[in-house]
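Peer 1: What follows is coords16.csv, CSV, C-alpha atoms (C1' of nucleotides).
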chain,number,residue,atom,x,y,z
A,1,MET,CA,-47.6,-50.5,54.4
A,2,GLY,CA,-48.9,-52.1,51.2
A,3,ILE,CA,-49.5,-55.7,50.6
A,4,LYS,CA,-46.6,-58.0,50.5
A,5,ARG,CA,-46.3,-59.2,46.9
A,6,LYS,CA,-43.8,-61.6,45.6
A,7,ASP,CA,-40.9,-60.3,47.5
A,8,LYS,CA,-37.9,-62.4,47.1
A,9,PRO,CA,-37.1,-64.4,50.2
A,10,LYS,CA,-34.3,-63.1,52.3
A,11,ILE,CA,-31.1,-65.0,52.9
A,12,ILE,CA,-27.9,-64.3,54.7
A,13,ILE,CA,-24.6,-65.2,53.2
A,14,VAL,CA,-21.5,-65.6,55.3
A,15,LEU,CA,-18.3,-65.8,53.2
A,16,GLY,CA,-14.6,-65.2,53.7
A,17,PRO,CA,-11.2,-66.8,53.2
A,18,THR,CA,-10.5,-70.3,54.6
A,19,SER,CA,-9.7,-70.2,58.3
A,20,SER,CA,-11.4,-66.9,58.9
A,21,GLY,CA,-14.1,-68.2,61.2
A,22,LYS,CA,-17.1,-68.4,59.0
A,23,SER,CA,-18.7,-71.4,60.6
A,24,GLU,CA,-18.8,-69.9,64.0
A,25,LEU,CA,-20.3,-66.7,62.8
A,26,ALA,CA,-22.9,-68.5,60.9
A,27,VAL,CA,-24.0,-70.5,64.0
A,28,LYS,CA,-24.1,-67.4,66.1
A,29,LEU,CA,-26.3,-65.6,63.6
A,30,SER,CA,-28.5,-68.6,63.3
A,31,LEU,CA,-29.1,-68.8,67.0
A,32,LYS,CA,-29.9,-65.1,67.2
A,33,PHE,CA,-32.1,-64.9,64.1
A,34,ASN,CA,-33.7,-68.3,64.0
A,35,GLY,CA,-31.7,-69.6,61.1
A,36,GLU,CA,-30.4,-72.8,59.6
A,37,VAL,CA,-27.0,-73.1,57.9
A,38,VAL,CA,-26.5,-74.1,54.3
A,39,SER,CA,-22.9,-74.9,53.7
A,40,ALA,CA,-21.2,-73.8,50.5
A,41,ASP,CA,-18.0,-75.8,50.5
A,42,SER,CA,-16.9,-78.1,47.7
A,43,ARG,CA,-15.1,-80.5,50.1
A,44,GLN,CA,-17.4,-80.6,53.0
A,45,VAL,CA,-20.1,-82.2,50.9
A,46,TYR,CA,-18.2,-85.5,51.0
A,47,ARG,CA,-18.8,-88.0,53.7
A,48,GLY,CA,-15.8,-89.0,55.7
A,49,MET,CA,-13.9,-85.9,54.9
A,50,ASP,CA,-14.3,-84.1,58.2
A,51,ILE,CA,-11.0,-83.1,59.8
A,52,GLY,CA,-9.2,-82.1,56.6
A,53,SER,CA,-12.0,-80.1,55.3
A,54,GLY,CA,-12.7,-78.4,58.6
A,55,LYS,CA,-16.2,-79.6,58.8
A,56,ILE,CA,-18.1,-78.2,61.8
A,57,THR,CA,-18.6,-80.8,64.6
A,58,PRO,CA,-22.1,-81.6,66.1
A,59,GLU,CA,-21.1,-79.8,69.3
A,60,GLU,CA,-20.1,-76.7,67.5
A,61,MET,CA,-23.4,-76.6,65.7
A,62,LYS,CA,-25.1,-75.9,69.0
A,63,GLY,CA,-28.3,-77.3,67.8
A,64,VAL,CA,-28.5,-75.4,64.6
A,65,PRO,CA,-29.3,-77.6,61.6
A,66,HIS,CA,-26.7,-77.7,58.9
A,67,HIS,CA,-27.4,-78.6,55.3
A,68,LEU,CA,-25.3,-79.7,52.4
A,69,LEU,CA,-22.7,-81.5,54.5
A,70,ASP,CA,-22.1,-85.2,53.9
A,71,VAL,CA,-24.3,-85.3,50.8
A,72,ALA,CA,-21.9,-87.2,48.5
A,73,SER,CA,-19.5,-90.1,48.4
A,74,PRO,CA,-15.9,-89.2,47.9
A,75,LYS,CA,-15.7,-91.9,45.3
A,76,ARG,CA,-18.0,-90.0,43.0
A,77,LYS,CA,-17.6,-86.6,41.6
A,78,PHE,CA,-19.8,-83.8,42.9
A,79,THR,CA,-20.4,-80.7,40.9
A,80,VAL,CA,-21.7,-77.2,41.1
A,81,ALA,CA,-24.9,-78.1,39.3
A,82,GLN,CA,-25.7,-80.7,42.0
A,83,TYR,CA,-24.8,-78.3,44.6
A,84,LYS,CA,-27.1,-75.7,43.2
A,85,GLU,CA,-30.0,-78.1,43.1
A,86,LEU,CA,-29.6,-79.5,46.5
A,87,SER,CA,-28.9,-76.2,48.2
A,88,GLN,CA,-32.0,-74.6,46.6
A,89,LYS,CA,-34.1,-77.4,48.0
A,90,ALA,CA,-32.6,-77.0,51.4
A,91,ILE,CA,-33.4,-73.3,51.3
A,92,GLU,CA,-36.9,-73.9,50.3
A,93,LYS,CA,-37.3,-76.3,53.3
A,94,ILE,CA,-35.9,-73.7,55.6
A,95,LEU,CA,-38.2,-71.0,54.3
A,96,LYS,CA,-41.2,-73.2,54.7
A,97,LYS,CA,-40.4,-73.5,58.4
A,98,LYS,CA,-40.3,-69.7,58.5
A,99,LYS,CA,-36.7,-69.7,59.3
A,100,THR,CA,-33.8,-67.8,57.9
A,101,PRO,CA,-31.3,-69.5,55.5
A,102,VAL,CA,-27.7,-68.7,56.3
A,103,VAL,CA,-25.4,-69.7,53.5
A,104,CYS,CA,-21.9,-70.2,54.7
A,105,GLY,CA,-18.8,-71.2,52.9
A,106,GLY,CA,-15.7,-70.5,51.0
A,107,THR,CA,-16.5,-71.9,47.6
A,108,ALA,CA,-17.3,-68.8,45.7
A,109,PHE,CA,-18.4,-70.6,42.6
A,110,TYR,CA,-21.0,-72.5,44.6
A,111,ILE,CA,-22.3,-69.4,46.3
A,112,ALA,CA,-22.5,-67.6,42.9
A,113,ALA,CA,-24.4,-70.5,41.4
A,114,LEU,CA,-26.9,-70.6,44.2
A,115,VAL,CA,-27.4,-66.9,45.0
A,116,ASN,CA,-26.8,-65.3,41.7
A,117,GLY,CA,-28.9,-68.0,40.1
A,118,ILE,CA,-26.4,-68.8,37.4
A,119,VAL,CA,-28.1,-70.9,34.8
A,120,ILE,CA,-25.7,-73.8,34.1
A,121,PRO,CA,-26.3,-75.6,30.8
A,122,GLU,CA,-28.0,-78.9,31.4
A,123,VAL,CA,-25.3,-81.1,30.1
A,124,SER,CA,-23.6,-83.4,32.5
A,125,PRO,CA,-19.9,-84.2,32.2
A,126,ASP,CA,-19.0,-86.7,29.5
A,127,TRP,CA,-15.8,-88.1,30.9
A,128,LYS,CA,-15.0,-90.2,27.8
A,129,LEU,CA,-15.2,-87.1,25.6
A,130,ARG,CA,-13.1,-85.1,28.1
A,131,LYS,CA,-10.4,-87.7,28.1
A,132,GLU,CA,-10.4,-87.9,24.4
A,133,LEU,CA,-10.2,-84.1,23.9
A,134,GLU,CA,-7.6,-83.9,26.6
A,135,ARG,CA,-5.1,-85.3,24.1
A,136,LYS,CA,-5.5,-82.4,21.7
A,137,ASN,CA,-3.6,-79.2,22.3
A,138,THR,CA,-5.3,-76.0,23.2
A,139,GLU,CA,-4.6,-74.3,19.9
A,140,GLN,CA,-6.3,-77.0,17.9
A,141,LEU,CA,-9.3,-76.9,20.3
A,142,TYR,CA,-9.6,-73.2,20.1
A,143,LYS,CA,-9.5,-73.2,16.3
A,144,GLU,CA,-12.3,-75.8,16.1
A,145,LEU,CA,-14.4,-73.9,18.6
A,146,LYS,CA,-14.1,-70.8,16.5
A,147,LYS,CA,-15.7,-72.7,13.7
A,148,LYS,CA,-18.4,-74.3,15.7
A,149,ASP,CA,-19.3,-71.6,18.1
A,150,PRO,CA,-17.7,-68.2,17.2
A,151,VAL,CA,-19.6,-66.4,19.9
A,152,ARG,CA,-18.4,-68.6,22.8
A,153,ALA,CA,-14.9,-68.6,21.2
A,154,LYS,CA,-14.9,-64.8,21.5
A,155,ASN,CA,-15.0,-64.6,25.2
A,156,ILE,CA,-13.5,-68.0,26.3
A,157,ASP,CA,-10.1,-68.2,27.8
A,158,LYS,CA,-8.4,-69.6,24.8
A,159,ARG,CA,-5.5,-71.2,26.7
A,160,ASN,CA,-7.7,-73.0,29.2
A,161,LYS,CA,-8.2,-76.5,28.0
A,162,ARG,CA,-10.7,-77.4,30.6
A,163,ARG,CA,-13.1,-74.6,29.5
A,164,LEU,CA,-12.6,-75.4,25.8
A,165,ILE,CA,-13.4,-79.0,26.4
A,166,ARG,CA,-16.5,-78.1,28.3
A,167,ALA,CA,-17.7,-76.0,25.4
A,168,PHE,CA,-17.4,-78.9,23.1
A,169,GLU,CA,-19.2,-81.1,25.5
A,170,ILE,CA,-22.2,-78.7,25.5
A,171,ILE,CA,-22.2,-78.3,21.7
A,172,LYS,CA,-22.0,-82.1,21.2
A,173,GLU,CA,-24.8,-82.9,23.5
A,174,THR,CA,-27.2,-80.0,22.6
A,175,LYS,CA,-26.2,-79.6,19.0
A,176,ARG,CA,-26.3,-75.9,19.6
A,177,PRO,CA,-23.8,-73.2,20.6
A,178,VAL,CA,-23.0,-72.7,24.2
A,179,PRO,CA,-25.8,-70.5,25.6
A,180,LYS,CA,-25.0,-67.2,27.0
A,181,ILE,CA,-24.7,-67.1,30.7
A,182,LYS,CA,-27.8,-65.9,32.5
A,183,THR,CA,-28.4,-65.0,36.1
A,184,LYS,CA,-31.7,-64.8,37.8
A,185,PRO,CA,-31.1,-64.0,41.5
A,186,PRO,CA,-33.9,-65.9,43.2
A,187,TYR,CA,-33.3,-64.4,46.7
A,188,SER,CA,-32.8,-61.1,48.4
A,189,PRO,CA,-29.3,-61.6,49.9
A,190,LEU,CA,-27.4,-59.9,52.6
A,191,TYR,CA,-23.7,-60.6,52.0
A,192,LEU,CA,-21.4,-60.7,55.1
A,193,GLY,CA,-17.7,-61.1,54.4
A,194,ILE,CA,-15.3,-61.7,57.2
A,195,LYS,CA,-12.6,-59.1,57.2
A,196,ILE,CA,-9.2,-60.3,58.3
A,197,SER,CA,-5.6,-59.3,57.6
A,198,GLN,CA,-3.4,-61.7,55.8
A,199,GLU,CA,-1.1,-61.6,58.7
A,200,GLU,CA,-3.7,-62.8,61.2
A,201,LEU,CA,-5.0,-65.3,58.7
A,202,ASN,CA,-1.5,-66.8,58.4
A,203,LYS,CA,-1.4,-67.3,62.2
A,204,LYS,CA,-4.8,-68.9,62.2
A,205,ILE,CA,-3.8,-71.2,59.3
A,206,LYS,CA,-0.8,-72.5,61.3
A,207,LYS,CA,-2.7,-72.9,64.5
A,208,ARG,CA,-5.5,-74.8,62.7
A,209,LEU,CA,-3.1,-77.2,61.1
A,210,LYS,CA,-1.6,-78.1,64.4
A,211,LYS,CA,-5.0,-78.8,65.8
A,212,ARG,CA,-6.0,-80.9,62.9
A,213,LEU,CA,-2.9,-83.0,63.1
A,214,LYS,CA,-3.7,-83.7,66.7
A,215,LEU,CA,-7.2,-84.7,65.7
A,216,ARG,CA,-5.5,-87.4,63.5
A,217,MET,CA,-6.0,-85.8,60.2
A,218,VAL,CA,-3.4,-88.1,58.6
A,219,GLU,CA,-5.3,-91.1,59.8
A,220,GLU,CA,-8.4,-89.7,58.3
A,221,THR,CA,-6.8,-89.7,54.9
A,222,LYS,CA,-5.6,-93.2,55.4
A,223,ARG,CA,-9.2,-94.2,56.3
A,224,ILE,CA,-10.5,-92.7,53.1
A,225,LYS,CA,-7.9,-94.7,51.1
A,226,ASP,CA,-8.9,-97.9,52.9
A,227,ASN,CA,-12.5,-97.2,52.0
A,228,GLY,CA,-11.5,-97.6,48.4
A,229,VAL,CA,-10.7,-94.1,47.2
A,230,SER,CA,-7.6,-94.0,45.0
A,231,TRP,CA,-4.6,-91.9,45.9
A,232,LYS,CA,-5.0,-90.0,42.7
A,233,ARG,CA,-8.5,-89.0,43.6
A,234,ILE,CA,-7.5,-88.1,47.1
A,235,GLU,CA,-4.7,-85.9,45.9
A,236,GLY,CA,-7.2,-84.3,43.6
A,237,PHE,CA,-9.1,-83.0,46.7
A,238,GLY,CA,-6.1,-80.7,47.3
A,239,LEU,CA,-4.7,-79.2,50.4
A,240,GLU,CA,-4.8,-81.3,53.5
A,241,TYR,CA,-5.9,-84.4,51.5
A,242,ARG,CA,-3.3,-84.0,48.8
A,243,TRP,CA,-0.3,-83.5,51.1
A,244,THR,CA,-1.3,-86.1,53.7
A,245,ALA,CA,-1.7,-88.5,50.8
A,246,LEU,CA,1.7,-87.7,49.5
A,247,TYR,CA,3.1,-88.2,52.9
A,248,LEU,CA,1.4,-91.5,53.4
A,249,GLN,CA,2.8,-92.7,50.1
A,250,ASP,CA,6.2,-91.8,51.4
A,251,LYS,CA,6.7,-89.3,48.6
A,252,ILE,CA,7.5,-86.5,51.0
A,253,ASN,CA,8.4,-86.2,54.7
A,254,TYR,CA,6.3,-84.9,57.6
A,255,GLU,CA,7.8,-81.4,57.5
A,256,GLU,CA,7.3,-81.1,53.8
A,257,MET,CA,3.7,-82.1,54.2
A,258,LYS,CA,3.1,-79.4,56.8
A,259,GLN,CA,4.9,-76.7,54.7
A,260,GLY,CA,2.9,-77.8,51.7
A,261,ILE,CA,-0.4,-77.5,53.5
A,262,ILE,CA,0.4,-74.0,54.9
A,263,ALA,CA,1.7,-72.7,51.6
A,264,ASN,CA,-1.3,-74.0,49.7
A,265,THR,CA,-3.8,-72.8,52.2
A,266,ARG,CA,-2.4,-69.3,52.0
A,267,LYS,CA,-2.6,-69.4,48.2
A,268,LEU,CA,-6.2,-70.6,48.4
A,269,SER,CA,-7.2,-67.8,50.7
A,270,LYS,CA,-5.8,-65.3,48.2
A,271,ARG,CA,-7.6,-66.8,45.3
A,272,GLN,CA,-10.8,-66.7,47.4
A,273,MET,CA,-10.3,-63.0,48.1
A,274,GLN,CA,-9.6,-62.4,44.5
A,275,TRP,CA,-13.1,-63.5,43.7
A,276,TRP,CA,-14.8,-61.3,46.3
A,277,LYS,CA,-12.7,-58.2,46.7
A,278,ARG,CA,-14.4,-56.3,43.9
A,279,ASP,CA,-17.9,-57.4,44.9
A,280,GLU,CA,-19.7,-54.3,46.1
A,281,ARG,CA,-22.6,-56.2,47.5
A,282,ILE,CA,-20.4,-57.6,50.3
A,283,ASN,CA,-20.4,-56.0,53.7
A,284,TRP,CA,-17.1,-56.6,55.3
A,285,VAL,CA,-17.4,-57.2,59.0
A,286,LYS,CA,-14.7,-57.5,61.7
A,287,ASN,CA,-16.7,-59.3,64.3
A,288,TYR,CA,-20.1,-60.7,65.4
A,289,ARG,CA,-21.4,-57.4,66.6
A,290,GLU,CA,-21.1,-55.8,63.2
A,291,ALA,CA,-22.6,-58.8,61.6
A,292,GLU,CA,-25.5,-58.8,64.0
A,293,ALA,CA,-26.2,-55.2,63.5
A,294,LEU,CA,-26.3,-55.5,59.8
A,295,THR,CA,-28.5,-58.6,59.9
A,296,LYS,CA,-30.9,-57.0,62.3
A,297,THR,CA,-31.4,-54.0,59.9
A,298,PHE,CA,-31.7,-56.3,56.9
A,299,LEU,CA,-34.2,-58.6,58.5
A,300,TRP,CA,-36.4,-56.3,60.5
A,301,LEU,CA,-36.2,-52.8,59.2
A,302,SER,CA,-36.4,-53.6,55.6
A,303,GLU,CA,-39.7,-55.2,56.2
A,304,GLY,CA,-41.0,-51.8,55.3
B,1,G,C1',47.4,-71.6,57.7
B,2,C,C1',46.8,-74.9,53.3
B,3,C,C1',43.6,-77.4,49.6
B,4,G,C1',38.8,-77.8,47.3
B,5,C,C1',33.8,-76.0,46.2
B,6,G,C1',30.6,-72.1,45.9
B,7,G,C1',28.7,-66.5,46.1
B,8,U,C1',23.5,-64.8,39.5
B,9,A,C1',15.7,-62.3,40.9
B,10,G,C1',12.7,-62.5,47.7
B,11,C,C1',14.2,-68.3,47.9
B,12,U,C1',16.4,-72.8,45.2
B,13,C,C1',19.4,-72.9,41.3
B,14,A,C1',20.6,-73.1,35.4
B,15,G,C1',23.7,-70.5,31.9
B,16,U,C1',26.9,-67.7,28.3
B,17,G,C1',33.4,-63.9,25.8
B,18,G,C1',28.7,-59.8,23.0
B,19,U,C1',25.4,-56.6,29.9
B,20,A,C1',21.0,-63.0,31.6
B,21,G,C1',17.1,-67.3,32.3
B,22,A,C1',13.9,-71.4,35.0
B,23,G,C1',10.9,-73.2,39.1
B,24,C,C1',8.8,-71.4,43.5
B,25,G,C1',7.2,-66.8,45.8
B,26,U,C1',5.1,-61.7,45.0
B,27,C,C1',1.5,-58.5,42.3
B,28,U,C1',-2.6,-58.0,38.8
B,29,C,C1',-6.5,-60.7,36.3
B,30,U,C1',-10.1,-64.6,34.2
B,31,C,C1',-13.8,-67.9,35.7
B,32,U,C1',-20.7,-71.4,31.8
B,33,G,C1',-21.8,-79.4,35.5
B,34,A,C1',-13.7,-80.8,38.2
B,35,A,C1',-13.7,-74.6,41.6
B,36,A,C1',-9.3,-76.8,47.6
B,37,A,C1',-10.1,-77.1,40.2
B,38,A,C1',-8.3,-74.9,35.5
B,39,G,C1',-6.0,-70.8,33.2
B,40,A,C1',-3.7,-65.6,31.7
B,41,G,C1',-0.4,-61.4,32.4
B,42,A,C1',3.3,-58.3,35.1
B,43,A,C1',7.1,-56.6,38.3
B,44,A,C1',11.8,-58.0,40.0
B,45,G,C1',18.9,-58.9,39.2
B,46,U,C1',25.0,-52.8,39.3
B,47,C,C1',25.5,-61.8,37.7
B,48,G,C1',30.2,-61.0,45.9
B,49,U,C1',34.1,-56.6,45.7
B,50,C,C1',38.4,-54.4,43.3
B,51,G,C1',41.8,-54.8,39.4
B,52,G,C1',43.8,-57.2,34.8
B,53,U,C1',43.4,-59.5,29.6
B,54,U,C1',40.1,-58.2,25.5
B,55,C,C1',37.0,-54.2,20.5
B,56,A,C1',33.8,-56.4,24.4
B,57,A,C1',33.7,-59.8,30.7
B,58,U,C1',28.5,-62.0,34.6
B,59,U,C1',31.5,-65.6,31.7
B,60,C,C1',38.9,-65.8,31.2
B,61,C,C1',43.1,-64.4,34.9
B,62,G,C1',44.6,-62.3,39.8
B,63,A,C1',43.8,-60.3,44.6
B,64,C,C1',40.4,-59.6,48.4
B,65,U,C1',35.9,-60.9,51.0
B,66,C,C1',32.0,-64.1,52.7
B,67,G,C1',29.8,-69.2,53.2
B,68,C,C1',30.6,-74.6,53.1
B,69,G,C1',33.7,-79.0,53.3
B,70,G,C1',38.5,-81.4,54.0
B,71,C,C1',43.7,-81.3,55.7
B,72,A,C1',46.8,-79.5,59.2
Turn the structure described in the file into structure tokens.

Peer 2:
Amino acid sequence: MGIKRKDKPKIIIVLGPTSSGKSELAVKLSLKFNGEVVSADSRQVYRGMDIGSGKITPEEMKGVPHHLLDVASPKRKFTVAQYKELSQKAIEKILKKKKTPVVCGGTAFYIAALVNGIVIPEVSPDWKLRKELERKNTEQLYKELKKKDPVRAKNIDKRNKRRLIRAFEIIKETKRPVPKIKTKPPYSPLYLGIKISQEELNKKIKKRLKKRLKLRMVEETKRIKDNGVSWKRIEGFGLEYRWTALYLQDKINYEEMKQGIIANTRKLSKRQMQWWKRDERINWVKNYREAEALTKTFLWLSEG
RNA sequence: GCCGCGGUAGCUCAGUGGUAGAGCGUCUCUCUGAAAAAGAGAAAGUCGUCGGUUCAAUUCCGACUCGCGGCA
């Protein structure tokens, strides 16, 4: 009925805490609904970081094309803004082929930037300025911001140095106050969240660690180091990379490394859920069947 | 059996003659180019048990109990 106007393109989003089985679900849905996967993971974008980041293997892809993996060098910093741009392009390409984009990942900020269409101020990081401002204390910074940009000062986290510094960065570059955040959702999304109990997740986290160690995860970190990435930078990647790096430097023992990874991963999964748990757009599914049913309805029946 | 050390928040431990703190964990929460990042707030302890000294004891003294180490 009616003529199709400028309906927003439909995309599927698979999200959930780390270790919950997102990748597999995304592949299954892609196979069923003629999709291609767009990863939304802040670590899997880096080349050479495969085991520790839990990157899907070519076999596991089962022929489904994956985007936004291996798009950056670990030597250089990758940011949300770059993610947004690249992932949007990938989605356009997929749509042009009349296929369905399946965004899949655990980096909530990346998903939000892409799917909610957060407009990020066009000011790239100024590391010199950041370093400089890093020396000041938060109170000072906040006071100054209040003078320069009272509006932003009002809703900023006044104890969060990183945010304060970013505000100055924008002001300095644009010579204007920090713009108000805008969102222009460019797509019509179906959100699928993987529902899993903390207990079950803990089990999976342990199991997964064992498997990764067997796959020579520690050696992978060593390789990254040998390729010229500093220990500091590697530690900055967090989790697997951080703890294996500490172990390789002899700062902790093997057991401490394992415990560290487990504890940190658990923490991460909680933070991820924190981000999503109040989001009413998300359909929480227990298994593939539920996901498939929802997707079917979304893709076919809503054609109207 | 004797000697020594210890028993304080879920865990590891600080500390004080005027009824207690930290780190980690837990629970809420924030998120404007680092997001596996960066931050905010809260709950939580009859200070091993029983007595004594004292105006006042978690802190000093004694007994008991449990744990650890040493000597027999």

Peer 1: Select all residues near (22.5, -67.0, 32.1) (cut-off 12 Å, inclusive, file coordinates), counting only C-alpha atoms (C1' of nucleotides), and output them as a list of chain:residue names.

Peer 2: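 The answer, in the requested form, is B:U8, B:C13, B:A14, B:G15, B:U16, B:U19, B:A20, B:G21, B:A22, B:G45, B:C47, B:U58, B:U59.
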
Peer 1: Which of these residues is nearest to chain A, using only C-alpha atoms (C1' of nucleotides): B:U53, B:U32, B:U12, B:U65?

Peer 2: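 Using only C-alpha atoms (C1' of nucleotides), chain A sits closest to B:U32.
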
Peer 1: Measuring atom to atom with all atoms listed in the file, identify which of B:C31, B:C66, B:A9, B:C24 is nearest to A:Ile156.

Peer 2: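 Result for the nearest residue to A:Ile156: B:C31.
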
Peer 1: Using all atoms listed in the file, tabulate the residues of chain A lying at most 7 Å from any atom of chain B, each with its closest atom pair and that distance in Å to one decimal, by chain and increasing residue number, as a Markdown table.

Peer 2:
| residue | atom | partner | partner_atom | distance |
| --- | --- | --- | --- | --- |
| A:Thr79 | CA | B:G33 | C1' | 5.7 |
| A:Val80 | CA | B:G33 | C1' | 6.0 |
| A:Ala81 | CA | B:G33 | C1' | 5.1 |
| A:Phe109 | CA | B:A35 | C1' | 6.3 |
| A:Ile120 | CA | B:U32 | C1' | 6.0 |
| A:Val123 | CA | B:G33 | C1' | 6.7 |
| A:Ser124 | CA | B:G33 | C1' | 5.3 |
| A:Pro125 | CA | B:G33 | C1' | 6.1 |
| A:Arg159 | CA | B:G39 | C1' | 6.5 |
| A:Asn160 | CA | B:G39 | C1' | 4.9 |
| A:Arg162 | CA | B:A38 | C1' | 6.0 |
| A:Ile181 | CA | B:U32 | C1' | 6.0 |
| A:Phe237 | CA | B:A36 | C1' | 6.3 |
| A:Gly238 | CA | B:A36 | C1' | 5.1 |
| A:Leu239 | CA | B:A36 | C1' | 5.9 |
| A:Leu268 | CA | B:A36 | C1' | 7.0 |

Peer 1: What is the distance, in Å and to one decimal place, between atom CA of A:Val218 and atom CA of A:Tyr241?

Peer 2: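 Calculated distance between atom CA of A:Val218 and atom CA of A:Tyr241 is 8.4 Å.
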
Peer 1: Excluding stretch 131-141 of chain A and its own-chain neighbours fewer than 4 positions away, which residues fall within 9 Å of it when counting all atoms listed in the file? Please give them as a ChimeraX atom specification.

Peer 2: /A:126-127,145-146,158-162,164-165,168

Peer 1: So what do you get for atom CA of A:Ile171 versus atom CA of A:Lys84, distance-wise?

Peer 2: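 Separation of atom CA of A:Ile171 and atom CA of A:Lys84: 22.2 Å.
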
Peer 1: Contacts of A:Gln44 at 8 Å or less, counting all atoms listed in the file, minus same-chain residues fewer than 4 places along, as a list of chain:residue names?

Peer 2: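 Close residues of A:Gln44: A:Ser39, A:Met49, A:Asp50, A:Ser53, A:Gly54, A:Lys55, A:Leu68, A:Leu69, A:Asp70.
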
Peer 1: Can you measure atom CA of A:Gln249 to atom CA of A:Arg43 for me? One decimal in Å is fine.

Peer 2: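 We find that atom CA of A:Gln249 and atom CA of A:Arg43 lie 21.7 Å from each other.
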
Peer 1: Taking (43.7, -55.8, 50.9) in the coordinates of the supplied file, I want to know which residues reach to within 12 Å of it, counting all atoms listed in the file; could you give the answer as a list in words?

Peer 2: U49, C50, G51, A63, C64 and U65 of chain B

Peer 1: Between A:Val37, A:Leu95, A:Ala293, A:Ile170, which is the closest to A:Asp149 once you count all atoms listed in the file?

Peer 2: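 Answer, going by the shortest atom-to-atom distance: A:Ile170.
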
Peer 1: Since the input lacks atoms, please generate N, CA and C atoms for stretch 106-120 of chain A and provide them as a PDB file, in the coordinates of the input.

Peer 2:
ATOM      1  N   GLY A 106     -16.783 -71.169  51.673  1.00  0.00           N
ATOM      2  CA  GLY A 106     -15.700 -70.500  51.000  1.00  0.00           C
ATOM      3  C   GLY A 106     -15.559 -70.829  49.525  1.00  0.00           C
ATOM      4  N   THR A 107     -16.508 -71.594  49.010  1.00  0.00           N
ATOM      5  CA  THR A 107     -16.500 -71.900  47.600  1.00  0.00           C
ATOM      6  C   THR A 107     -17.273 -70.889  46.812  1.00  0.00           C
ATOM      7  N   ALA A 108     -16.594 -69.907  46.298  1.00  0.00           N
ATOM      8  CA  ALA A 108     -17.300 -68.800  45.700  1.00  0.00           C
ATOM      9  C   ALA A 108     -18.137 -69.171  44.494  1.00  0.00           C
ATOM     10  N   PHE A 109     -17.674 -70.126  43.760  1.00  0.00           N
ATOM     11  CA  PHE A 109     -18.400 -70.600  42.600  1.00  0.00           C
ATOM     12  C   PHE A 109     -19.777 -71.167  43.012  1.00  0.00           C
ATOM     13  N   TYR A 110     -19.775 -71.908  44.081  1.00  0.00           N
ATOM     14  CA  TYR A 110     -21.000 -72.500  44.600  1.00  0.00           C
ATOM     15  C   TYR A 110     -21.971 -71.410  45.054  1.00  0.00           C
ATOM     16  N   ILE A 111     -21.438 -70.462  45.773  1.00  0.00           N
ATOM     17  CA  ILE A 111     -22.300 -69.400  46.300  1.00  0.00           C
ATOM     18  C   ILE A 111     -22.883 -68.621  45.089  1.00  0.00           C
ATOM     19  N   ALA A 112     -22.054 -68.362  44.106  1.00  0.00           N
ATOM     20  CA  ALA A 112     -22.500 -67.600  42.900  1.00  0.00           C
ATOM     21  C   ALA A 112     -23.627 -68.393  42.220  1.00  0.00           C
ATOM     22  N   ALA A 113     -23.414 -69.705  42.057  1.00  0.00           N
ATOM     23  CA  ALA A 113     -24.400 -70.500  41.400  1.00  0.00           C
ATOM     24  C   ALA A 113     -25.747 -70.470  42.083  1.00  0.00           C
ATOM     25  N   LEU A 114     -25.677 -70.539  43.379  1.00  0.00           N
ATOM     26  CA  LEU A 114     -26.900 -70.600  44.200  1.00  0.00           C
ATOM     27  C   LEU A 114     -27.545 -69.193  44.304  1.00  0.00           C
ATOM     28  N   VAL A 115     -26.783 -68.225  44.702  1.00  0.00           N
ATOM     29  CA  VAL A 115     -27.400 -66.900  45.000  1.00  0.00           C
ATOM     30  C   VAL A 115     -27.575 -66.035  43.825  1.00  0.00           C
ATOM     31  N   ASN A 116     -26.621 -66.048  42.900  1.00  0.00           N
ATOM     32  CA  ASN A 116     -26.800 -65.300  41.700  1.00  0.00           C
ATOM     33  C   ASN A 116     -27.773 -65.960  40.733  1.00  0.00           C
ATOM     34  N   GLY A 117     -28.001 -67.247  41.009  1.00  0.00           N
ATOM     35  CA  GLY A 117     -28.900 -68.000  40.100  1.00  0.00           C
ATOM     36  C   GLY A 117     -28.286 -68.203  38.749  1.00  0.00           C
ATOM     37  N   ILE A 118     -26.994 -68.488  38.678  1.00  0.00           N
ATOM     38  CA  ILE A 118     -26.400 -68.800  37.400  1.00  0.00           C
ATOM     39  C   ILE A 118     -27.077 -69.967  36.759  1.00  0.00           C
ATOM     40  N   VAL A 119     -27.462 -69.818  35.516  1.00  0.00           N
ATOM     41  CA  VAL A 119     -28.100 -70.900  34.800  1.00  0.00           C
ATOM     42  C   VAL A 119     -27.008 -71.728  34.116  1.00  0.00           C
ATOM     43  N   ILE A 120     -26.774 -72.908  34.616  1.00  0.00           N
ATOM     44  CA  ILE A 120     -25.700 -73.800  34.100  1.00  0.00           C
ATOM     45  C   ILE A 120     -26.335 -74.670  33.004  1.00  0.00           C
TER      46      ILE A 120
END
